Amino acid sequence: MKGISEVSTQIGIGFSRHLDSQQAAREAAMQAKTGLRGADAACAMLLCTGHYDPHKIVPVVNETLRDPRMVGCSTAGIILSGSIETRGVAVLAIASDEMKFGDGFVEHIDTMSPPDVGTELAKRCLNDFGAHGRQVFVFFVDSRLKNISPLLKSVQGTLGDIFPVVGAGSCNHLQDKDAFKIYRDRVLTNAVSGVIMGGHMTVGVGSRHGWRPLGKPRTITGAAGNIIGSIDGKPAYNIYEQYFEEEAAQLRGRRSGQMAILYPLGIYIEESRNYLLRNAVDIRSDGSIVCQGDIPQGTRVHLMIGNKESCKQAARGAAEEARQNLLGKDPKLIIVLESMSRLKLLGRMAFQEIVKIKEVFGSRIPVIGMYTNGEVSPMQSTERFKRPHLQNESITILAIG
Amino acid sequence: MTTFPLLLAVGVFTIILGTVLILLLVSKTEQLSRLQTSLREMTKSFNDLDEQAKLIVRTDLELNKAQEELDKRLNGLDALQKTSRLISTTLDEEEIFKRLDQSLIVDLGFEKNLICVYDKDQALQCRLNVGFSPEDVQFVVTSLEKERSLTQALKEGHAFTSAASSKQAKESIIRIFDVEHFVLTPILTQNNISGILFVGNRSNASAITEGDEELVSVLANQIGQALENARLFEQAYVASQVLESKVQERTKQLALALEEVKEINKMKSEFISAVSHELRTPLTSIKGYASLLITGKLGAVPETVKERLEKINAHSDNLVKMINNLLDIARIESGRVEMKMEKCDIAAIIETAHDLLTPQMREKNLQWKTDISEGIPALVLDKHQVERIFINLVGNAIKFTPENGTITVRVRHDPRAAAIEVSDTGIGVSKADLNKLFDEFYRVDNEINQSVKGTGLGLSLVKKIVDVHKGKIWVTSELTRGTTFHFTLPFDPAAPVTG
């Protein structure tokens, strides 16, 4: 049913930081609905920080927007056109008779093999999407899945590899709370949910990190999956000991802490002539480093360093790349998936990245986004096939035109 | 023969080739040696650069830590400033905690936050909670009550931090609040402890710093101050309500008493009026018969009897005068006197009184002075009644002024009234008597009053007459130096008062 606006695509974004979960959900959903000018939401994205009870939020948003296809997740922070919010509920609603959507989810992912998870998710989304032209696949995954590269391969294997896949690892600033995913009126943990977008639309994706290699290159001499066993023939952890000396012990704590975030490992990817960043999520007793994505053996690895200015420039670079990939079409919406590491690094200057993005797309462009625990996007490259990579510390900009 | 030159040529060629090869080998060896040297230098430079990178990383790590701390402090100060502004502008305790928005507390940068306040029974009540479940809060409150030494130290104003507390206290707090890093500080008001403020982080990555401790202390002080203000205001408000209630009750009682007084006064006036009328009739007969007897028309009257009859006559006159005064006062009080208001010249009224009293003044050789400002307009008044004012006041002055004294009447021009003074150089009135002079039947206890008869109603009557003219009267006096009666008479008592 078309709404009273009769306009082909309407976009509404709502946000609230009301203390009460239901009230916050109501306010955010109503704001988003207002932006649709009376049209019904075909698809929605719900993001909320860990301060809120998702079981109270999801039904309210779902009811207010009248059961749209809805995906989303918990986040450490919400990105908006005018601010960065570390507490609140944000809703993106899209009404369109040009764009098509198909959503799906998979639960209990820790009991399945990653390729099976990817295949199942892609199939479910495809079943719902139908036979329209696919433009982009956006998904939210539980960050406890430490190696999602096989999942990405199987997603592309099912959906095809000529359009971009972007994703975000859900996270929560409160360490004792589970990060959650949202699929329509359901709140899921240990799950992945996603949506295929297509139809008459154009998508431009850009991704950058802004970190630079530091010191001499080393060679990964032992790696299996997402675990780096040895570098230059020594236990992998030795690379941190060399650079941080006694400070490296912090990496062995309950949380790998600020250090792993600020100084990730950079793996040189020959085909894109760029560095793929990997955070150390755990250090094992044998000195091997557990990363979020798989590590190819024999590749060169560097310790990487970044700063506020390089982050801001990376944001601008990602925006320019996304704009370029829109192929001249005007953007209607910008979705930002950005590592929470950048929020930690930038601190009070985090909004400066959004300023850079708006310099590229114009100050009136609607922006919504989240701080993630791992980002999935094609790396900056000229390759035709947009092979998605799990990245850390990066900013991914999805421009929808 | 032909083979020799060939062999020679081959030999020479071989020698030359050998020499070249040897030279090449030497050259390559030297090149290799140089390359090895370069490689060694490059490796050394590379390692040097890597060492520099290590220095850069460590410096960067320190800078990042400083930056993180600075950001945290700035965020904390920002949140503190907002919180402070919000809670300092309300005097309602409930509102203080409503305004202590959880998000502001979260902005201070701690994972777990708890504010508890002591109730009237000295039991801790949770007023703000971030990061604790209801069961956690209950556990914290119960556990703190059991930790006597901890609560006692808090009540004495001691704060606890994970960085600087004793091992025992630290272990207790970590167990109760389930954190690794914390600040637990009392919320102090002026005289005692109002509650506790707790902030804490679970992870090692977010240790509490000295700056955090200061920040939390300032916040606790501000909450304490706001609570103190709210409670003082509550006390003052309750006290003012009680006082207001008492004032209303007393006002009501006074209004009732005033009504009673008015009723009694009215009854008194009616009684005096009735009694005076009843007294005057037989008194007229007494006086008439006494006068008749004195004339001798009813037969000769012996001289001693005549003297007694004249005394009866004189006392009767006094009694009539008293009764007339009483009747006048009663009439004025009850509004039964019809005032004949007309424009009059105040100087003429004064002169009439002077003429009337001149004989008495001559008897005591008193000097009469008048000082009347120019431009006094004609006053709207009851001429007969105002004459009585002057006759009474000047009569009193004559009575209490020794021989050769002076009586002065002054009239000044006030904005809306004539300000009149009647002063003498008489014996004066003590301060204790001044306030009672206008009371009915009050007579100052002095030698003159003991020898000269009076009713004690004259000044009371004067005050009533001034009052009905909407004027004011008061008296100043100094013993042995004289007395001055001041009174005002509005130019027109019926004119509306403006400005």
# chains A, B, ... in the order shown; residues from 1 in each chain; ligands from 1

call {"tool": "closest_atom_pairs", "arguments": {"of": "chain B", "to": "chain A", "cutoff": "7 Å", "atoms": "only C-alpha atoms", "output": "JSON lines"}}
result
{"residue": "B:Phe46", "atom": "CA", "partner": "A:Lys216", "partner_atom": "CA", "distance": 6.7}
{"residue": "B:Leu49", "atom": "CA", "partner": "A:Gly215", "partner_atom": "CA", "distance": 6.5}
{"residue": "B:Asp50", "atom": "CA", "partner": "A:Gly215", "partner_atom": "CA", "distance": 4.4}
{"residue": "B:Ala53", "atom": "CA", "partner": "A:Gly215", "partner_atom": "CA", "distance": 5.1}
{"residue": "B:Lys54", "atom": "CA", "partner": "A:Tyr243", "partner_atom": "CA", "distance": 4.8}
{"residue": "B:Val57", "atom": "CA", "partner": "A:Tyr243", "partner_atom": "CA", "distance": 6.8}
{"residue": "B:Arg58", "atom": "CA", "partner": "A:Phe244", "partner_atom": "CA", "distance": 6.4}
{"residue": "B:Asp71", "atom": "CA", "partner": "A:Gly347", "partner_atom": "CA", "distance": 6.4}
{"residue": "B:Glu111", "atom": "CA", "partner": "A:Leu174", "partner_atom": "CA", "distance": 6.9}
{"residue": "B:Ala205", "atom": "CA", "partner": "A:Gly257", "partner_atom": "CA", "distance": 5.6}

call {"tool": "select_by_dssp", "arguments": {"residues": "range 125-229 of chain B", "states": "strand (DSSP E)", "output": "VMD selection string"}}
result
chain B and resid 125 to 130 160 to 161 181 to 188 193 to 201

call {"tool": "closest_residue", "arguments": {"among": "B:Val247, B:Phe491, B:Ala239, B:Val411", "to": "Lys343 in chain B", "atoms": "only C-alpha atoms"}}
result
B:Phe491

call {"tool": "residues_around", "arguments": {"residues": "range 167-170 of chain A", "least_positions_apart": "6", "cutoff": "7 Å", "atoms": "only C-alpha atoms", "output": "PyMOL selection string"}}
result
chain A and resi 73-75+138-143+179-180+337+372-377

call {"tool": "residues_around", "arguments": {"residues": "range 365-368 of chain B", "least_positions_apart": "2", "cutoff": "9 Å", "atoms": "only C-alpha atoms", "output": "number ranges by chain"}}
result
B: 354, 358, 360-363, 370, 398, 401-409

call {"tool": "write_last_selection", "arguments": {"atoms": "C-alpha atoms", "output": "tab-separated table (two decimals), in the first residue's frame"}}
result
chain	number	residue	atom	x	y	z
B	354	HIS	CA	-8.47	83.27	73.29
B	358	THR	CA	-8.42	85.71	78.45
B	360	GLN	CA	-8.07	83.11	83.33
B	361	MET	CA	-4.82	83.99	81.54
B	362	ARG	CA	-4.83	87.45	83.10
B	363	GLU	CA	-5.28	85.96	86.54
B	370	THR	CA	0.11	83.05	68.04
B	398	ILE	CA	-3.50	77.73	81.61
B	401	THR	CA	1.46	76.75	83.51
B	402	PRO	CA	2.81	78.73	86.45
B	403	GLU	CA	2.30	82.48	86.60
B	404	ASN	CA	4.12	84.66	84.03
B	405	GLY	CA	4.36	81.72	81.68
B	406	THR	CA	3.65	81.69	77.98
B	407	ILE	CA	1.08	79.90	75.87
B	408	THR	CA	1.78	79.72	72.15
B	409	VAL	CA	-0.43	78.58	69.31

call {"tool": "closest_residue", "arguments": {"among": "A:Ile84, A:Arg184, A:Gln324, A:Lys153", "to": "Arg66 in chain A", "atoms": "only C-alpha atoms"}}
result
A:Arg184

call {"tool": "residues_around", "arguments": {"residues": "range 186-194 of chain A", "least_positions_apart": "2", "cutoff": "8 Å", "atoms": "only C-alpha atoms", "output": "JSON, numbers by chain"}}
result
{"A": [54, 55, 58, 71, 72, 103, 104, 105, 106, 107, 108, 109, 110, 121, 125, 137, 138, 139, 140, 141, 142, 144, 178, 179, 180, 181, 182, 183, 184, 196]}

call {"tool": "write_last_selection", "arguments": {"atoms": "N, CA and C atoms", "output": "JSON list (two decimals), in the first residue's frame"}}
result
[["chain", "number", "residue", "atom", "x", "y", "z"],
["A", 54, "PRO", "N", 16.28, -4.26, 24.95],
["A", 54, "PRO", "CA", 15.78, -4.43, 23.58],
["A", 54, "PRO", "C", 14.41, -5.09, 23.53],
["A", 55, "HIS", "N", 14.10, -5.89, 24.54],
["A", 55, "HIS", "CA", 12.80, -6.57, 24.56],
["A", 55, "HIS", "C", 11.65, -5.57, 24.76],
["A", 58, "VAL", "N", 12.00, -3.20, 20.86],
["A", 58, "VAL", "CA", 11.66, -3.78, 19.55],
["A", 58, "VAL", "C", 10.15, -3.83, 19.31],
["A", 71, "VAL", "N", 16.00, -4.95, 10.69],
["A", 71, "VAL", "CA", 17.22, -5.55, 11.22],
["A", 71, "VAL", "C", 17.93, -4.49, 12.08],
["A", 72, "GLY", "N", 18.88, -4.94, 12.85],
["A", 72, "GLY", "CA", 19.63, -3.99, 13.67],
["A", 72, "GLY", "C", 20.41, -4.71, 14.73],
["A", 103, "ASP", "N", 14.85, -9.86, 3.96],
["A", 103, "ASP", "CA", 15.64, -10.03, 5.19],
["A", 103, "ASP", "C", 15.62, -11.48, 5.68],
["A", 104, "GLY", "N", 16.52, -11.76, 6.60],
["A", 104, "GLY", "CA", 16.60, -13.11, 7.15],
["A", 104, "GLY", "C", 17.50, -13.14, 8.37],
["A", 105, "PHE", "N", 17.53, -14.28, 9.05],
["A", 105, "PHE", "CA", 18.38, -14.41, 10.24],
["A", 105, "PHE", "C", 18.76, -15.87, 10.44],
["A", 106, "VAL", "N", 19.82, -16.09, 11.21],
["A", 106, "VAL", "CA", 20.20, -17.45, 11.62],
["A", 106, "VAL", "C", 20.59, -17.37, 13.09],
["A", 107, "GLU", "N", 20.07, -18.30, 13.88],
["A", 107, "GLU", "CA", 20.38, -18.34, 15.31],
["A", 107, "GLU", "C", 21.34, -19.48, 15.62],
["A", 108, "HIS", "N", 21.81, -19.50, 16.84],
["A", 108, "HIS", "CA", 22.71, -20.56, 17.36],
["A", 108, "HIS", "C", 23.92, -20.75, 16.45],
["A", 109, "ILE", "N", 24.51, -19.66, 16.07],
["A", 109, "ILE", "CA", 25.58, -19.75, 15.09],
["A", 109, "ILE", "C", 26.83, -20.43, 15.64],
["A", 110, "ASP", "N", 26.97, -20.47, 16.97],
["A", 110, "ASP", "CA", 28.17, -21.11, 17.51],
["A", 110, "ASP", "C", 28.09, -22.64, 17.40],
["A", 121, "LEU", "N", 21.93, -17.94, 5.90],
["A", 121, "LEU", "CA", 21.49, -16.54, 5.97],
["A", 121, "LEU", "C", 21.19, -16.01, 4.56],
["A", 125, "CYS", "N", 17.49, -14.76, 3.10],
["A", 125, "CYS", "CA", 17.30, -13.39, 2.61],
["A", 125, "CYS", "C", 16.84, -13.42, 1.14],
["A", 137, "PHE", "N", 24.19, -6.18, 0.25],
["A", 137, "PHE", "CA", 23.74, -7.02, 1.36],
["A", 137, "PHE", "C", 24.33, -6.43, 2.65],
["A", 138, "VAL", "N", 23.45, -6.13, 3.59],
["A", 138, "VAL", "CA", 23.89, -5.55, 4.87],
["A", 138, "VAL", "C", 23.54, -6.54, 5.97],
["A", 139, "PHE", "N", 24.50, -6.86, 6.82],
["A", 139, "PHE", "CA", 24.17, -7.81, 7.88],
["A", 139, "PHE", "C", 24.86, -7.43, 9.20],
["A", 140, "PHE", "N", 24.27, -7.98, 10.28],
["A", 140, "PHE", "CA", 24.79, -7.74, 11.62],
["A", 140, "PHE", "C", 25.10, -9.10, 12.25],
["A", 141, "VAL", "N", 26.30, -9.21, 12.77],
["A", 141, "VAL", "CA", 26.73, -10.53, 13.25],
["A", 141, "VAL", "C", 27.25, -10.43, 14.68],
["A", 142, "ASP", "N", 27.12, -11.54, 15.37],
["A", 142, "ASP", "CA", 27.62, -11.59, 16.74],
["A", 142, "ASP", "C", 29.14, -11.60, 16.72],
["A", 144, "ARG", "N", 31.15, -12.60, 18.78],
["A", 144, "ARG", "CA", 31.82, -13.74, 19.41],
["A", 144, "ARG", "C", 32.26, -14.76, 18.35],
["A", 178, "ASP", "N", 25.11, -9.07, 26.97],
["A", 178, "ASP", "CA", 25.25, -9.67, 25.65],
["A", 178, "ASP", "C", 24.91, -8.65, 24.58],
["A", 179, "ALA", "N", 25.71, -8.63, 23.52],
["A", 179, "ALA", "CA", 25.33, -7.84, 22.36],
["A", 179, "ALA", "C", 24.19, -8.59, 21.67],
["A", 180, "PHE", "N", 23.27, -7.86, 21.08],
["A", 180, "PHE", "CA", 22.11, -8.54, 20.47],
["A", 180, "PHE", "C", 21.88, -8.07, 19.04],
["A", 181, "LYS", "N", 21.18, -8.92, 18.30],
["A", 181, "LYS", "CA", 20.79, -8.60, 16.94],
["A", 181, "LYS", "C", 19.28, -8.49, 16.89],
["A", 182, "ILE", "N", 18.77, -7.81, 15.89],
["A", 182, "ILE", "CA", 17.32, -7.65, 15.77],
["A", 182, "ILE", "C", 16.90, -8.17, 14.40],
["A", 183, "TYR", "N", 15.85, -8.96, 14.42],
["A", 183, "TYR", "CA", 15.23, -9.38, 13.15],
["A", 183, "TYR", "C", 13.72, -9.21, 13.33],
["A", 184, "ARG", "N", 13.18, -8.26, 12.61],
["A", 184, "ARG", "CA", 11.75, -7.93, 12.72],
["A", 184, "ARG", "C", 11.36, -7.72, 14.20],
["A", 196, "ILE", "N", 18.92, -7.90, 2.17],
["A", 196, "ILE", "CA", 19.38, -7.59, 0.81],
["A", 196, "ILE", "C", 18.60, -6.38, 0.36]]

call {"tool": "residues_around", "arguments": {"residues": "range 413-427 of chain B", "least_positions_apart": "3", "cutoff": "8 Å", "atoms": "only C-alpha atoms", "output": "MDAnalysis selection string"}}
result
chainID B and resid 373 375:376 393:394 397 400:402 405:410 479:492

call {"tool": "residues_around", "arguments": {"residues": "Phe390 in chain B", "least_positions_apart": "4", "cutoff": "10 Å", "atoms": "only C-alpha atoms", "output": "PDB file with N, CA and C atoms, in the first residue's frame"}}
result
ATOM      1  N   ILE B 349     -11.115  81.028  64.793  1.00  0.00           N
ATOM      2  CA  ILE B 349     -11.492  80.065  65.846  1.00  0.00           C
ATOM      3  C   ILE B 349     -10.534  80.197  67.022  1.00  0.00           C
ATOM      4  N   ILE B 350      -9.256  80.342  66.708  1.00  0.00           N
ATOM      5  CA  ILE B 350      -8.242  80.484  67.779  1.00  0.00           C
ATOM      6  C   ILE B 350      -8.510  81.761  68.584  1.00  0.00           C
ATOM      7  N   GLU B 351      -8.854  82.815  67.879  1.00  0.00           N
ATOM      8  CA  GLU B 351      -9.101  84.090  68.547  1.00  0.00           C
ATOM      9  C   GLU B 351     -10.324  84.009  69.465  1.00  0.00           C
ATOM     10  N   THR B 352     -11.361  83.279  69.000  1.00  0.00           N
ATOM     11  CA  THR B 352     -12.569  83.098  69.823  1.00  0.00           C
ATOM     12  C   THR B 352     -12.201  82.405  71.132  1.00  0.00           C
ATOM     13  N   ALA B 353     -11.393  81.336  71.040  1.00  0.00           N
ATOM     14  CA  ALA B 353     -10.970  80.608  72.236  1.00  0.00           C
ATOM     15  C   ALA B 353     -10.155  81.519  73.142  1.00  0.00           C
ATOM     16  N   HIS B 354      -9.294  82.333  72.509  1.00  0.00           N
ATOM     17  CA  HIS B 354      -8.466  83.272  73.289  1.00  0.00           C
ATOM     18  C   HIS B 354      -9.330  84.251  74.077  1.00  0.00           C
ATOM     19  N   GLN B 385     -17.115  72.340  67.340  1.00  0.00           N
ATOM     20  CA  GLN B 385     -16.299  71.255  67.904  1.00  0.00           C
ATOM     21  C   GLN B 385     -14.823  71.647  67.952  1.00  0.00           C
ATOM     22  N   VAL B 386     -14.310  72.310  66.892  1.00  0.00           N
ATOM     23  CA  VAL B 386     -12.886  72.678  66.861  1.00  0.00           C
ATOM     24  C   VAL B 386     -12.596  73.753  67.923  1.00  0.00           C
ATOM     25  N   VAL B 394      -6.043  74.942  75.419  1.00  0.00           N
ATOM     26  CA  VAL B 394      -5.536  76.186  76.020  1.00  0.00           C
ATOM     27  C   VAL B 394      -5.918  76.216  77.513  1.00  0.00           C
ATOM     28  N   GLY B 395      -7.144  75.690  77.817  1.00  0.00           N
ATOM     29  CA  GLY B 395      -7.571  75.611  79.217  1.00  0.00           C
ATOM     30  C   GLY B 395      -6.601  74.781  80.036  1.00  0.00           C
ATOM     31  N   ASN B 396      -6.190  73.623  79.489  1.00  0.00           N
ATOM     32  CA  ASN B 396      -5.195  72.772  80.174  1.00  0.00           C
ATOM     33  C   ASN B 396      -3.883  73.517  80.349  1.00  0.00           C
ATOM     34  N   VAL B 409       0.293  79.394  70.300  1.00  0.00           N
ATOM     35  CA  VAL B 409      -0.431  78.579  69.312  1.00  0.00           C
ATOM     36  C   VAL B 409       0.200  78.830  67.946  1.00  0.00           C
ATOM     37  N   VAL B 422      -0.222  73.574  70.222  1.00  0.00           N
ATOM     38  CA  VAL B 422      -0.564  74.415  71.384  1.00  0.00           C
ATOM     39  C   VAL B 422       0.466  74.085  72.449  1.00  0.00           C
ATOM     40  N   VAL B 462     -11.142  65.826  73.065  1.00  0.00           N
ATOM     41  CA  VAL B 462     -10.342  66.489  72.015  1.00  0.00           C
ATOM     42  C   VAL B 462      -9.917  65.468  70.953  1.00  0.00           C
TER      43      VAL B 462
END

call {"tool": "closest_residue", "arguments": {"among": "A:Leu327, A:Ile261, A:Ile335, A:Ala42", "to": "Ser8 in chain A", "atoms": "only C-alpha atoms"}}
result
A:Ala42

call {"tool": "closest_residue", "arguments": {"among": "A:Met99, A:Ile269, A:Leu152, A:Ile79", "to": "Pro114 in chain A", "atoms": "only C-alpha atoms"}}
result
A:Leu152

call {"tool": "select_by_dssp", "arguments": {"residues": "range 131-241 of chain A", "states": "alpha helix (DSSP H)", "output": "ChimeraX atom specification"}}
result
/A:149-159,238-241

call {"tool": "write_last_selection", "arguments": {"atoms": "C-alpha atoms", "output": "tab-separated table (two decimals), in the first residue's frame"}}
result
chain	number	residue	atom	x	y	z
A	149	SER	CA	35.86	-15.10	6.71
A	150	PRO	CA	34.38	-18.52	5.80
A	151	LEU	CA	30.92	-17.08	6.47
A	152	LEU	CA	31.61	-14.21	4.08
A	153	LYS	CA	32.81	-16.58	1.39
A	154	SER	CA	29.65	-18.66	1.63
A	155	VAL	CA	27.44	-15.55	1.62
A	156	GLN	CA	29.06	-14.40	-1.59
A	157	GLY	CA	28.92	-17.91	-2.93
A	158	THR	CA	25.16	-17.89	-2.56
A	159	LEU	CA	24.33	-14.26	-3.35
A	238	ASN	CA	56.71	-11.42	20.68
A	239	ILE	CA	55.94	-8.62	18.20
A	240	TYR	CA	54.05	-6.76	20.93
A	241	GLU	CA	56.75	-7.49	23.50

call {"tool": "atom_distance", "arguments": {"atom1": "CA of Met45 in chain A", "atom2": "CA of Val336 in chain A"}}
result
12.4 Å
